[in-house]
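Printed here is target10.pdb (PDB, C-alpha atoms):
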ATOM      1  CA  MET A   1      -4.458   0.253 -20.540
ATOM      2  CA  LYS A   2      -3.130   0.901 -17.063
ATOM      3  CA  GLU A   3       0.479   1.952 -16.707
ATOM      4  CA  LYS A   4       2.823   1.183 -13.837
ATOM      5  CA  PHE A   5       4.222   4.033 -11.747
ATOM      6  CA  GLN A   6       6.370   4.310  -8.628
ATOM      7  CA  LEU A   7       6.504   6.904  -5.874
ATOM      8  CA  GLU A   8       9.165   7.201  -3.180
ATOM      9  CA  TYR A   9       8.635   8.710   0.248
ATOM     10  CA  VAL A  10      11.462   9.413   2.691
ATOM     11  CA  LEU A  11      10.505   8.541   6.258
ATOM     12  CA  SER A  12      13.619   9.655   8.087
ATOM     13  CA  SER A  13      13.306   8.512  11.674
ATOM     14  CA  VAL A  14      10.790   5.694  11.665
ATOM     15  CA  SER A  15      11.090   2.273  13.217
ATOM     16  CA  ILE A  16      11.051  -0.423  10.523
ATOM     17  CA  SER A  17       8.842  -2.637  12.702
ATOM     18  CA  VAL A  18       6.286   0.163  13.239
ATOM     19  CA  LEU A  19       6.235   0.937   9.518
ATOM     20  CA  TRP A  20       5.959  -2.763   8.654
ATOM     21  CA  ASN A  21       2.963  -3.205  10.959
ATOM     22  CA  SER A  22       1.327  -0.150   9.379
ATOM     23  CA  ILE A  23       1.606  -1.467   5.822
ATOM     24  CA  SER A  24       1.071  -5.192   6.372
ATOM     25  CA  THR A  25      -1.570  -5.734   9.058
ATOM     26  CA  PRO A  26      -5.305  -5.081   8.902
ATOM     27  CA  MET A  27      -5.099  -2.878  11.999
ATOM     28  CA  GLY A  28      -2.166  -0.899  10.607
ATOM     29  CA  LEU A  29      -3.791  -0.435   7.184
ATOM     30  CA  SER A  30      -7.009   0.711   8.931
ATOM     31  CA  GLU A  31      -5.094   3.598  10.490
ATOM     32  CA  TRP A  32      -4.167   5.247   7.192
ATOM     33  CA  PHE A  33      -5.157   3.363   4.036
ATOM     34  CA  ALA A  34      -8.830   2.499   4.581
ATOM     35  CA  ASP A  35     -11.536   3.031   7.188
ATOM     36  CA  LYS A  36     -11.454  -0.671   8.019
ATOM     37  CA  VAL A  37      -9.582  -3.728   6.750
ATOM     38  CA  ALA A  38     -10.719  -7.300   7.354
ATOM     39  CA  VAL A  39      -9.060 -10.609   6.519
ATOM     40  CA  ASP A  40     -11.240 -13.477   5.327
ATOM     41  CA  GLU A  41     -11.209 -16.243   7.965
ATOM     42  CA  GLY A  42     -11.347 -18.950   5.278
ATOM     43  CA  ASN A  43      -8.659 -17.398   3.085
ATOM     44  CA  LYS A  44      -5.986 -15.481   5.005
ATOM     45  CA  ASN A  45      -4.710 -13.960   1.730
ATOM     46  CA  GLU A  46      -8.007 -12.186   1.009
ATOM     47  CA  TYR A  47      -8.364  -8.685   2.434
ATOM     48  CA  THR A  48     -11.494  -6.538   2.270
ATOM     49  CA  PHE A  49     -10.879  -2.787   2.384
ATOM     50  CA  PHE A  50     -13.758  -0.543   3.471
ATOM     51  CA  TRP A  51     -14.164   3.170   2.728
ATOM     52  CA  GLY A  52     -17.441   4.542   4.026
ATOM     53  CA  LYS A  53     -20.190   2.401   2.475
ATOM     54  CA  SER A  54     -18.019   0.970  -0.298
ATOM     55  CA  SER A  55     -15.567  -1.901  -0.167
ATOM     56  CA  GLN A  56     -13.039  -3.610  -2.377
ATOM     57  CA  VAL A  57     -11.399  -7.037  -2.065
ATOM     58  CA  ALA A  58      -7.714  -7.647  -2.687
ATOM     59  CA  THR A  59      -5.550 -10.736  -2.638
ATOM     60  CA  LEU A  60      -2.254 -10.651  -0.801
ATOM     61  CA  VAL A  61      -0.030 -11.755  -3.684
ATOM     62  CA  ASN A  62       3.296 -11.794  -1.891
ATOM     63  CA  ASN A  63       5.185 -10.362   1.045
ATOM     64  CA  ARG A  64       8.534 -10.539   2.738
ATOM     65  CA  VAL A  65       8.451  -9.620   6.408
ATOM     66  CA  GLY A  66      10.031  -6.225   6.997
ATOM     67  CA  SER A  67      10.521  -5.612   3.279
ATOM     68  CA  TYR A  68       7.404  -5.478   1.098
ATOM     69  CA  VAL A  69       3.743  -6.338   0.735
ATOM     70  CA  LYS A  70       1.991  -6.764  -2.616
ATOM     71  CA  PHE A  71      -1.778  -6.790  -3.210
ATOM     72  CA  ARG A  72      -3.939  -7.283  -6.302
ATOM     73  CA  TRP A  73      -7.520  -6.035  -6.475
ATOM     74  CA  ILE A  74      -9.704  -9.044  -7.307
ATOM     75  CA  ASP A  75     -11.808  -7.185  -9.884
ATOM     76  CA  ASP A  76      -8.830  -5.507 -11.594
ATOM     77  CA  CYS A  77      -7.577  -7.488 -14.571
ATOM     78  CA  GLU A  78      -7.458  -6.359 -18.184
ATOM     79  CA  ASP A  79      -6.040  -7.848 -21.355
ATOM     80  CA  GLY A  80      -3.892 -10.312 -19.436
ATOM     81  CA  VAL A  81      -2.255  -7.532 -17.398
ATOM     82  CA  LYS A  82      -2.702  -7.996 -13.676
ATOM     83  CA  PRO A  83      -2.166  -4.627 -11.978
ATOM     84  CA  TYR A  84      -1.144  -4.645  -8.334
ATOM     85  CA  PHE A  85      -0.032  -2.252  -5.662
ATOM     86  CA  GLU A  86       3.100  -2.823  -3.647
ATOM     87  CA  LEU A  87       4.483  -1.104  -0.561
ATOM     88  CA  ARG A  88       8.229  -1.657  -0.207
ATOM     89  CA  ILE A  89      10.547  -0.600   2.609
ATOM     90  CA  SER A  90      14.222   0.079   1.961
ATOM     91  CA  ILE A  91      17.042   1.836   3.778
ATOM     92  CA  VAL A  92      19.532   4.249   2.278
ATOM     93  CA  GLU A  93      22.811   2.969   3.714
ATOM     94  CA  LEU A  94      24.611   6.301   3.550
ATOM     95  CA  THR A  95      21.981   8.257   5.510
ATOM     96  CA  ASN A  96      19.981   5.476   7.209
ATOM     97  CA  ASP A  97      16.817   7.087   5.825
ATOM     98  CA  VAL A  98      13.871   4.743   5.447
ATOM     99  CA  ILE A  99      12.234   4.855   2.028
ATOM    100  CA  LEU A 100       8.684   3.691   1.342
ATOM    101  CA  THR A 101       8.278   2.921  -2.354
ATOM    102  CA  VAL A 102       4.740   2.631  -3.663
ATOM    103  CA  THR A 103       4.193   0.810  -6.950
ATOM    104  CA  ASP A 104       0.742   1.098  -8.495
ATOM    105  CA  PHE A 105      -1.036   1.143 -11.844
ATOM    106  CA  ALA A 106      -3.372   3.746 -13.326
ATOM    107  CA  GLU A 107      -4.881   4.743 -16.642
ATOM    108  CA  PRO A 108      -2.742   7.525 -18.170
ATOM    109  CA  GLU A 109      -5.548  10.067 -17.733
ATOM    110  CA  ASP A 110      -5.977   9.026 -14.056
ATOM    111  CA  LYS A 111      -2.305   8.955 -13.048
ATOM    112  CA  GLU A 112      -2.237  12.495 -11.653
ATOM    113  CA  ASP A 113      -5.224  11.730  -9.407
ATOM    114  CA  ALA A 114      -3.675   8.428  -8.324
ATOM    115  CA  VAL A 115      -0.441  10.214  -7.353
ATOM    116  CA  LYS A 116      -2.419  12.796  -5.336
ATOM    117  CA  LEU A 117      -4.319  10.010  -3.600
ATOM    118  CA  TRP A 118      -1.089   8.220  -2.633
ATOM    119  CA  ASN A 119       0.427  11.509  -1.432
ATOM    120  CA  ASN A 120      -2.611  12.038   0.808
ATOM    121  CA  GLN A 121      -2.601   8.438   2.030
ATOM    122  CA  VAL A 122       1.112   8.536   2.876
ATOM    123  CA  ALA A 123       0.563  11.826   4.719
ATOM    124  CA  GLU A 124      -2.030   9.921   6.796
ATOM    125  CA  LEU A 125       0.502   7.128   7.298
ATOM    126  CA  LYS A 126       3.105   9.602   8.546
ATOM    127  CA  THR A 127       0.602  10.945  11.059
ATOM    128  CA  ALA A 128      -0.345   7.422  12.152
ATOM    129  CA  ILE A 129       3.294   6.473  12.836
ATOM    130  CA  GLY A 130       4.121   9.768  14.565
ATOM    131  CA  LEU A 131       6.126  11.590  11.904
TER     132      LEU A 131
END
Turn the structure described in the file into structure tokens.
Amino acid sequence: MKEKFQLEYVLSSVSISVLWNSISTPMGLSEWFADKVAVDEGNKNEYTFFWGKSSQVATLVNNRVGSYVKFRWIDDCEDGVKPYFELRISIVELTNDVILTVTDFAEPEDKEDAVKLWNNQVAELKTAIGL
């Protein structure tokens, strides 16, 4: 059974609006998360993520502008558990650092690989937003 995990990334001097666009829009997600991201014209909450010749469809479960975006892979449901991935923006009041918190799920034996993948993806995000 998949287990929930969270990762935090400090993005010191980033504009919240730039970061928000990068994690919440198809164009922004295409710059770091996938090769291409398309939104279904008939269902604006259905996103198709493309990597090379493969693709995966996710539903936008929830979002709050400037705060977080939460997706669920359509084909990912087991034993009543509905794994998701969430990208959440917060600010540390004392330092004004911007924190990107990633919440995801992985099988225990796959967690290390999932963490490495997120580390690589967030490194791509940092490059995309000029950090």
Could you build a table of the residues in segment 34-82 of chain A lying no more than 9 Å from segment 86-106 of chain A, giving for each the nearest pair of atoms and their separation in Å rounded to one decimal place, using all atoms listed in the file, ordered by chain and ascending residue number, as JSON lines?
{"residue": "A:Gly66", "atom": "CA", "partner": "A:Ile89", "partner_atom": "CA", "distance": 7.2}
{"residue": "A:Ser67", "atom": "CA", "partner": "A:Ile89", "partner_atom": "CA", "distance": 5.1}
{"residue": "A:Tyr68", "atom": "CA", "partner": "A:Arg88", "partner_atom": "CA", "distance": 4.1}
{"residue": "A:Val69", "atom": "CA", "partner": "A:Leu87", "partner_atom": "CA", "distance": 5.4}
{"residue": "A:Lys70", "atom": "CA", "partner": "A:Glu86", "partner_atom": "CA", "distance": 4.2}
{"residue": "A:Phe71", "atom": "CA", "partner": "A:Glu86", "partner_atom": "CA", "distance": 6.3}
{"residue": "A:Arg72", "atom": "CA", "partner": "A:Glu86", "partner_atom": "CA", "distance": 8.7}
*Determine the residue set returned by the PyMOL selection byres ((chain A and resi 112-127) around 9) for the present structure, and present it as a list in words.*
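Going through the file, the PyMOL selection byres ((chain A and resi 112-127) around 9) ends up selecting Phe5, Leu7, Tyr9, Leu11, Leu19, Ser22, Ile23, Leu29, Glu31, Trp32, Phe33, Ala34, Val102, Asp104, Phe105, Ala106, Pro108, Glu109, Asp110, Lys111, Ala128, Ile129, Gly130 and Leu131 of chain A.
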*Written as a ChimeraX atom specification, what is the full residue list that the PyMOL selection byres ((chain A and resi 45-53) around 9) yields on the file shown?*
/A:26,29-30,33-44,54-61,71
_One number please: atom CA of Val18 of chain A to atom CA of Phe85 of chain A, in Å, one decimal._
20.1 Å
_Atomic distance atom CA of Asn62 of chain A - atom CA of Asn21 of chain A, expressed in Å with one decimal_ =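 According to the coordinates, atom CA of Asn62 of chain A and atom CA of Asn21 of chain A are separated by 15.5 Å.
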_From the options A:Val65, A:Lys82, A:Ile74, A:Met1, which residue's atoms come nearest to Trp20 of chain A, counting all atoms listed in the file?_
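The shortest atom-to-atom distance to Trp20 of chain A comes from A:Val65.
Here atom CA of Glu3 of chain A stands at a distance of 8.5 Å from atom CA of Pro83 of chain A.
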